[in-house]
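**Q** Below is the file my_file06.txt, with compact mmCIF, C-alpha atoms.
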# COMPACT_ATOMS: atom_id res chain seq x y z
CA MET A 194 115.41 -32.58 -46.59
CA SER A 195 117.86 -29.69 -46.32
CA PHE A 196 118.82 -27.91 -43.11
CA TRP A 197 116.80 -24.81 -43.97
CA GLU A 198 113.77 -26.85 -44.93
CA ALA A 199 113.95 -28.53 -41.51
CA VAL A 200 114.22 -25.13 -39.82
CA ALA A 201 111.20 -23.85 -41.74
CA ILE A 202 109.10 -26.86 -40.70
CA LEU A 203 110.22 -26.48 -37.08
CA VAL A 204 109.24 -22.80 -37.09
CA ALA A 205 105.92 -23.64 -38.73
CA GLY A 206 105.29 -26.17 -35.96
CA LEU A 207 106.07 -23.50 -33.36
CA GLY A 208 103.58 -21.14 -34.96
CA ALA A 209 100.95 -23.84 -35.31
CA GLY A 210 101.29 -24.95 -31.69
CA THR A 211 100.97 -21.37 -30.50
CA ILE A 212 97.95 -20.56 -32.67
CA ASN A 213 96.22 -23.86 -31.90
CA THR A 214 96.44 -23.16 -28.17
CA ILE A 215 95.04 -19.67 -28.54
CA VAL A 216 92.41 -20.01 -31.26
CA GLY A 217 92.94 -23.00 -33.55
CA SER A 218 93.76 -23.28 -37.27
CA GLY A 219 97.46 -24.02 -36.75
CA THR A 220 97.15 -26.72 -39.40
CA LEU A 221 96.75 -23.92 -41.94
CA ILE A 222 100.40 -23.07 -41.25
CA THR A 223 102.07 -26.48 -41.01
CA PHE A 224 100.07 -28.27 -43.73
CA PRO A 225 100.87 -25.74 -46.49
CA THR A 226 104.49 -25.65 -45.34
CA LEU A 227 104.78 -29.42 -45.80
CA LEU A 228 103.08 -29.12 -49.20
CA PHE A 229 105.54 -26.40 -50.18
CA PHE A 230 108.40 -28.82 -49.57
CA ASN A 231 106.78 -31.33 -51.93
CA LEU A 232 105.24 -33.81 -49.50
CA PRO A 233 102.18 -35.50 -51.07
CA PRO A 234 98.90 -34.15 -49.60
CA VAL A 235 97.94 -37.28 -47.65
CA VAL A 236 101.50 -37.77 -46.35
CA ALA A 237 101.60 -34.11 -45.30
CA ASN A 238 98.23 -34.40 -43.54
CA VAL A 239 99.11 -37.61 -41.69
CA SER A 240 102.58 -36.43 -40.64
CA ASN A 241 101.21 -33.05 -39.56
CA ASN A 242 98.46 -34.67 -37.48
CA ILE A 243 100.96 -36.82 -35.61
CA GLY A 244 103.27 -33.88 -34.96
CA LEU A 245 100.56 -31.56 -33.63
CA VAL A 246 99.64 -33.99 -30.84
CA ALA A 247 102.66 -32.75 -28.88
CA GLY A 248 101.46 -29.15 -29.08
CA GLY A 249 98.00 -30.17 -27.92
CA ILE A 250 99.45 -31.84 -24.83
CA SER A 251 101.54 -28.84 -23.78
CA GLY A 252 98.74 -26.39 -24.60
CA SER A 253 96.16 -28.40 -22.64
CA TRP A 254 98.48 -28.52 -19.64
CA GLY A 255 98.91 -24.76 -19.86
CA TYR A 256 95.12 -24.33 -19.56
CA ARG A 257 94.70 -26.78 -16.68
CA HIS A 258 93.62 -24.06 -14.24
CA GLU A 259 90.71 -23.02 -16.48
CA LEU A 260 89.46 -26.62 -16.36
CA THR A 261 89.36 -26.84 -12.58
CA GLY A 262 85.89 -27.85 -11.42
CA ARG A 263 84.70 -28.94 -14.88
CA SER A 264 86.00 -32.51 -15.07
CA ARG A 265 82.47 -33.96 -15.21
CA THR A 266 81.51 -31.80 -18.19
CA LEU A 267 84.77 -32.58 -19.94
CA ARG A 268 84.27 -36.32 -19.43
CA ARG A 269 80.94 -36.06 -21.30
CA PHE A 270 82.68 -34.66 -24.36
CA MET A 271 85.83 -36.76 -24.45
CA PRO A 272 84.28 -40.05 -25.73
CA LEU A 273 82.53 -38.16 -28.54
CA SER A 274 85.77 -36.53 -29.63
CA LEU A 275 87.50 -39.90 -29.50
CA ILE A 276 84.84 -41.61 -31.65
CA GLY A 277 84.68 -38.64 -34.01
CA GLY A 278 88.45 -38.61 -34.49
CA LEU A 279 88.41 -42.36 -35.12
CA THR A 280 85.67 -41.97 -37.73
CA GLY A 281 87.37 -39.10 -39.51
CA SER A 282 90.77 -40.77 -39.66
CA LEU A 283 89.24 -43.95 -41.09
CA LEU A 284 87.42 -41.89 -43.73
CA LEU A 285 90.75 -40.36 -44.72
CA LEU A 286 92.25 -43.81 -45.23
CA LYS A 287 89.23 -45.27 -47.03
CA LEU A 288 88.48 -42.45 -49.45
CA PRO A 289 90.73 -42.29 -52.52
CA GLU A 290 93.56 -39.75 -52.54
CA SER A 291 91.88 -37.96 -55.44
CA ALA A 292 88.89 -37.29 -53.18
CA PHE A 293 91.18 -35.82 -50.53
CA LYS A 294 92.80 -33.50 -53.08
CA ALA A 295 89.35 -32.32 -54.17
CA ILE A 296 87.90 -31.92 -50.68
CA VAL A 297 90.78 -30.25 -48.82
CA PRO A 298 90.79 -26.94 -50.77
CA VAL A 299 87.07 -26.61 -50.00
CA LEU A 300 87.70 -27.34 -46.33
CA ILE A 301 90.48 -24.75 -46.21
CA ILE A 302 88.25 -22.12 -47.80
CA VAL A 303 85.46 -22.89 -45.29
CA ALA A 304 88.01 -22.68 -42.48
CA LEU A 305 89.24 -19.31 -43.71
CA ILE A 306 85.68 -18.00 -43.83
CA LEU A 307 85.30 -19.08 -40.21
CA VAL A 308 88.57 -17.36 -39.33
CA VAL A 309 87.32 -14.12 -40.88
CA PHE A 310 83.77 -14.13 -39.50
CA GLY A 311 84.26 -16.20 -36.34
CA PRO A 312 85.24 -13.27 -34.09
CA ARG A 313 82.21 -11.27 -35.23
CA MET A 314 79.93 -14.21 -34.39
CA GLN A 315 81.56 -14.64 -31.00
CA ARG A 316 81.17 -10.94 -30.19
CA ALA A 317 77.48 -11.13 -31.04
CA LEU A 318 77.03 -14.22 -28.87
CA ALA A 319 79.02 -12.65 -26.04
CA ALA A 320 76.84 -9.54 -26.18
CA ARG A 321 73.76 -11.70 -25.65
CA ARG A 322 75.35 -13.32 -22.60
CA ALA A 323 77.59 -10.53 -21.36
CA PRO A 324 77.11 -11.12 -17.62
CA VAL A 325 78.26 -14.74 -17.93
CA ALA A 326 80.76 -14.63 -20.76
CA SER A 327 82.68 -11.66 -19.34
CA GLY A 328 82.77 -12.88 -15.76
CA PRO A 329 85.92 -14.23 -14.14
CA VAL A 330 86.78 -17.90 -14.30
CA THR A 331 85.83 -19.46 -10.99
CA ASP A 332 85.78 -22.93 -9.57
CA GLN A 333 82.33 -22.54 -8.02
CA GLU A 334 80.16 -22.31 -11.13
CA SER A 335 77.28 -24.71 -10.91
CA PRO A 336 76.74 -27.43 -13.56
CA SER A 337 73.46 -25.82 -14.54
CA GLU A 338 75.30 -22.70 -15.75
CA SER A 339 76.90 -24.54 -18.64
CA GLY A 340 73.72 -24.36 -20.71
CA GLU A 341 73.89 -28.03 -21.70
CA SER A 342 70.37 -29.17 -20.81
CA GLY A 343 67.53 -30.00 -23.18
CA TRP A 344 67.92 -29.55 -26.91
CA ARG A 345 71.06 -27.50 -26.47
CA GLY A 346 72.73 -30.42 -24.76
CA ILE A 347 71.85 -32.79 -27.58
CA VAL A 348 72.99 -30.39 -30.31
CA LEU A 349 76.18 -29.68 -28.36
CA LEU A 350 77.07 -33.37 -28.11
CA VAL A 351 76.36 -33.92 -31.81
CA GLY A 352 78.45 -30.87 -32.66
CA VAL A 353 81.41 -32.12 -30.62
CA PHE A 354 81.20 -35.48 -32.42
CA LEU A 355 81.00 -33.92 -35.91
CA SER A 356 83.89 -31.57 -35.20
CA GLY A 357 85.85 -34.65 -34.14
CA VAL A 358 85.05 -36.34 -37.47
CA TYR A 359 86.21 -33.23 -39.30
CA GLY A 360 89.35 -33.06 -37.17
CA GLY A 361 90.21 -36.70 -37.77
CA TYR A 362 89.83 -36.22 -41.52
CA PHE A 363 91.72 -32.95 -41.90
CA GLY A 364 91.62 -30.72 -38.85
CA ALA A 365 92.27 -27.17 -40.10
CA ALA A 366 90.09 -24.79 -38.07
CA GLN A 367 88.79 -27.68 -35.95
CA GLY A 368 89.43 -25.55 -32.87
CA ILE A 369 87.51 -22.61 -34.30
CA LEU A 370 84.60 -24.89 -35.23
CA MET A 371 84.56 -26.24 -31.70
CA MET A 372 84.74 -22.79 -30.11
CA GLY A 373 81.85 -21.65 -32.28
CA ILE A 374 79.74 -24.61 -31.17
CA PHE A 375 80.57 -24.05 -27.51
CA SER A 376 79.98 -20.31 -27.70
CA ALA A 377 76.58 -20.78 -29.31
CA LEU A 378 75.31 -23.50 -26.99
CA THR A 379 76.88 -22.93 -23.58
CA THR A 380 77.24 -20.10 -21.12
CA GLU A 381 80.67 -21.06 -19.83
CA ASN A 382 83.45 -18.50 -19.51
CA LEU A 383 85.27 -18.15 -22.83
CA GLN A 384 88.66 -18.96 -21.35
CA ARG A 385 87.25 -22.18 -19.89
CA LEU A 386 85.82 -23.03 -23.30
CA ASN A 387 89.27 -22.58 -24.78
CA GLY A 388 90.54 -25.10 -22.24
CA PHE A 389 87.83 -27.55 -23.30
CA LYS A 390 88.78 -27.00 -26.93
CA ASN A 391 92.47 -27.69 -26.34
CA VAL A 392 91.80 -31.00 -24.58
CA LEU A 393 89.20 -32.25 -27.07
CA VAL A 394 91.24 -31.32 -30.15
CA THR A 395 94.23 -33.12 -28.64
CA ILE A 396 92.12 -36.26 -28.16
CA VAL A 397 90.97 -36.12 -31.79
CA ASN A 398 94.53 -35.69 -33.05
CA PHE A 399 95.84 -38.42 -30.76
CA VAL A 400 93.34 -41.09 -31.79
CA ALA A 401 93.80 -40.14 -35.46
CA ALA A 402 97.57 -40.41 -35.01
CA LEU A 403 97.20 -43.91 -33.57
CA ILE A 404 95.08 -44.97 -36.55
CA PHE A 405 97.64 -43.58 -38.96
CA VAL A 406 100.54 -45.31 -37.21
CA VAL A 407 98.73 -48.66 -37.31
CA PHE A 408 97.10 -48.51 -40.74
CA ALA A 409 99.05 -45.91 -42.72
CA PHE A 410 102.64 -46.32 -41.55
CA ASP A 411 103.90 -45.98 -45.12
CA LYS A 412 102.25 -42.55 -45.43
CA ILE A 413 104.16 -41.03 -42.49
CA ASN A 414 107.21 -38.83 -42.99
CA TRP A 415 108.70 -39.28 -39.54
CA LEU A 416 111.24 -36.49 -39.86
CA ALA A 417 108.52 -34.00 -40.78
CA ALA A 418 106.29 -35.29 -37.96
CA ALA A 419 109.15 -34.96 -35.45
CA LEU A 420 109.98 -31.41 -36.55
CA VAL A 421 106.32 -30.34 -36.40
CA GLY A 422 106.00 -32.05 -33.01
CA ALA A 423 109.04 -30.36 -31.50
CA GLY A 424 107.93 -26.94 -32.69
CA ALA A 425 104.30 -27.50 -31.70
CA PHE A 426 105.26 -28.61 -28.18
CA LEU A 427 107.14 -25.35 -27.62
CA GLY A 428 104.29 -23.47 -29.28
CA GLY A 429 101.78 -24.97 -26.86
CA ILE A 430 103.82 -23.60 -23.97
CA VAL A 431 104.13 -20.19 -25.59
CA GLY A 432 100.45 -20.05 -26.50
CA SER A 433 99.26 -20.92 -23.02
CA ARG A 434 101.52 -18.34 -21.37
CA ILE A 435 101.51 -15.28 -23.59
CA GLY A 436 98.96 -16.08 -26.26
CA ARG A 437 96.28 -13.74 -24.91
CA ARG A 438 98.60 -10.79 -25.56
CA ILE A 439 98.94 -11.48 -29.28
CA PRO A 440 96.59 -9.31 -31.39
CA PRO A 441 93.92 -11.61 -32.89
CA ALA A 442 93.91 -9.61 -36.12
CA ALA A 443 97.59 -10.41 -36.70
CA LEU A 444 96.99 -14.12 -36.17
CA ARG A 445 94.02 -14.16 -38.51
CA SER A 446 96.01 -12.36 -41.20
CA VAL A 447 98.78 -14.97 -41.12
CA ILE A 448 96.29 -17.84 -41.24
CA ILE A 449 94.39 -16.32 -44.16
CA VAL A 450 97.52 -15.66 -46.24
CA VAL A 451 99.01 -19.12 -45.64
CA GLY A 452 95.66 -20.83 -46.24
CA LEU A 453 95.19 -19.08 -49.57
CA ILE A 454 98.70 -20.14 -50.60
CA ALA A 455 97.75 -23.74 -49.79
CA VAL A 456 94.58 -23.54 -51.89
CA VAL A 457 96.48 -22.08 -54.85
CA LYS A 458 99.22 -24.71 -54.60
CA MET A 459 96.79 -27.64 -54.34
CA ILE A 460 94.55 -26.48 -57.21
CA TRP A 461 97.07 -25.15 -59.72
CA PHE A 462 100.43 -26.70 -58.79
CA ALA A 463 99.53 -30.19 -57.47
Go through the file and emit its structure as structure tokens.
**A**
Amino acid sequence: MSFWEAVAILVAGLGAGTINTIVGSGTLITFPTLLFFNLPPVVANVSNNIGLVAGGISGSWGYRHELTGRSRTLRRFMPLSLIGGLTGSLLLLKLPESAFKAIVPVLIIVALILVVFGPRMQRALAARRAPVASGPVTDQESPSESGESGWRGIVLLVGVFLSGVYGGYFGAAQGILMMGIFSALTTENLQRLNGFKNVLVTIVNFVAALIFVVFAFDKINWLAAALVGAGAFLGGIVGSRIGRRIPPAALRSVIIVVGLIAVVKMIWFA
């Protein structure tokens, strides 16, 4: 790996860590970057997953104030994310590499569709719950305000688990999937939901990383993982501090362009 290739991966990690903390889909920057430098798809996915754990930790810490008073709710979700991440990572190792090459372009396209239409869906949901969604984050919200009772609670738990499976298998747009689930089924403040998302995605990536280290050590490019990790850790700090000032349209444009490049490379140049 040349010096400039290392710099490019480090910068991609920085961008991914920042975007993951704010909205999600950072994998759509780092994964194509690793593919561009000729890492095999599974090696790129595994190395990227390990590296992005560092960004999840710093980003989650940056959102710690939004999570104040919601530890009980978060503890309900964490085991499901852990089991989902475990399931997804094992599927990645069990399915043949040819299946991964066939599935990932489809997953990227689905993720890009969510990136494009996700904000419109969230605005519509926010309009239906404007008094709650637009209110300030407080520490005195009652548990009943989270909208997790009855059928919504069951669907929410299933959704958290399935997004964990998806995240353990690939992970691009896992954060956006999770935010969509939360927005549709809860009435929590959107910034608090982003804090939930950061913690749960980090759990998924962490458990998947452990599985890869134990069972797929030969598929890890440690230099790439370290470069992504260093950049993502700084990106998590940046995203939690100034991320809300970055125009969402600019972020979506970058994700869409890089994601399309990944699809083209995997389909026509693999």
**Q** By how many Å are CA of Gly210 (chain A) and CA of Leu427 (chain A) apart?
**A**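 So the answer is 7.1 Å.
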**Q** How many Å lie between CA of Arg345 (chain A) and CA of Arg268 (chain A), rounded to one decimal?
**A**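 Going from CA of Arg345 (chain A) over to CA of Arg268 (chain A), I get 17.4 Å.
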**Q** If I take CA of Ile250 (chain A) and CA of Met372 (chain A), how far is one from the other in Å, to one decimal?
**A**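 Value for the CA of Ile250 (chain A)-CA of Met372 (chain A) distance: 18.1 Å.
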**Q** Under the rule of at most 12 Å, produce a per-residue listing of region 200-300 of chain A near region 347-365 of chain A: chain, number, name, the closest pair of atoms, and the distance in Å, as CSV, using all atoms listed in the file.
**A**
residue,atom,partner,partner_atom,distance
A:Ala209,CA,A:Ala365,CA,10.5
A:Ile212,CA,A:Ala365,CA,11.5
A:Asn213,CA,A:Ala365,CA,9.7
A:Val216,CA,A:Ala365,CA,11.4
A:Gly217,CA,A:Ala365,CA,7.8
A:Ser218,CA,A:Ala365,CA,5.0
A:Gly219,CA,A:Ala365,CA,6.9
A:Thr220,CA,A:Ala365,CA,5.0
A:Leu221,CA,A:Ala365,CA,5.8
A:Ile222,CA,A:Ala365,CA,9.2
A:Thr223,CA,A:Ala365,CA,9.9
A:Phe224,CA,A:Ala365,CA,8.7
A:Pro225,CA,A:Ala365,CA,10.8
A:Pro234,CA,A:Phe363,CA,10.6
A:Val235,CA,A:Phe363,CA,9.5
A:Val236,CA,A:Phe363,CA,11.8
A:Ala237,CA,A:Phe363,CA,10.5
A:Asn238,CA,A:Phe363,CA,6.9
A:Val239,CA,A:Phe363,CA,8.7
A:Ser240,CA,A:Phe363,CA,11.5
A:Asn241,CA,A:Phe363,CA,9.8
A:Asn242,CA,A:Gly364,CA,8.0
A:Ile243,CA,A:Gly361,CA,11.0
A:Leu245,CA,A:Gly364,CA,10.4
A:Val246,CA,A:Gly364,CA,11.8
A:Thr266,CA,A:Leu350,CA,11.0
A:Leu267,CA,A:Val353,CA,11.2
A:Arg268,CA,A:Leu350,CA,11.7
A:Arg269,CA,A:Leu350,CA,8.3
A:Phe270,CA,A:Leu350,CA,6.9
A:Met271,CA,A:Val353,CA,8.9
A:Pro272,CA,A:Phe354,CA,8.7
A:Leu273,CA,A:Phe354,CA,4.9
A:Ser274,CA,A:Gly357,CA,4.9
A:Leu275,CA,A:Gly357,CA,7.2
A:Ile276,CA,A:Phe354,CA,7.2
A:Gly277,CA,A:Gly357,CA,4.2
A:Gly278,CA,A:Gly361,CA,4.2
A:Leu279,CA,A:Gly361,CA,6.5
A:Thr280,CA,A:Val358,CA,5.7
A:Gly281,CA,A:Gly361,CA,4.1
A:Ser282,CA,A:Gly361,CA,4.5
A:Leu283,CA,A:Tyr362,CA,7.8
A:Leu284,CA,A:Tyr362,CA,6.5
A:Leu285,CA,A:Tyr362,CA,5.3
A:Leu286,CA,A:Tyr362,CA,8.8
A:Lys287,CA,A:Tyr362,CA,10.6
A:Leu288,CA,A:Tyr362,CA,10.2
A:Ala292,CA,A:Tyr362,CA,11.7
A:Phe293,CA,A:Phe363,CA,9.1
A:Lys294,CA,A:Phe363,CA,11.2
A:Ile296,CA,A:Phe363,CA,9.6
A:Val297,CA,A:Phe363,CA,7.5
A:Pro298,CA,A:Phe363,CA,10.8
A:Val299,CA,A:Ala365,CA,11.2
A:Leu300,CA,A:Ala365,CA,7.7
**Q** Grab all the atoms of region 245-264 of chain A that the file lists, wrap them in a box along x, y and z, add 8 Å per side, and give me centre plus edge lengths in Å (one decimal) as AutoDock Vina command-line options.
**A**
--center_x 93.7 --center_y -28.5 --center_z -22.5 --size_x 34.0 --size_y 27.0 --size_z 38.2
**Q** Could you check the closest approach to Ile413 (chain A) for each of A:Ala442, A:Leu232, A:Ala201, A:Ile430 and tell me which residue wins, using only C-alpha atoms?
**A**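 Nearest to Ile413 (chain A): A:Leu232.
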**Q** Between A:Leu386, A:Ile302, A:Val309, A:Ala247, single out the one closest to Phe399 (chain A), counting all atoms listed in the file.
**A**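 When distances to Phe399 (chain A) are compared using all atoms listed in the file, the smallest one comes from A:Ala247.
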**Q** Give the answer as one residue: which of A:Asn391, A:Gln367, A:Gly429, A:Ser251 has the shortest atom-to-atom distance to Ile301 (chain A), using all atoms listed in the file?
**A**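 So, comparing all the options, the nearest one is A:Gln367.
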**Q** I need the residue nearest Val406 (chain A) from this list: A:Thr211, A:Val457, A:Ala366, A:Gly244. Use all atoms listed in the file for the distance.
**A** A:Gly244
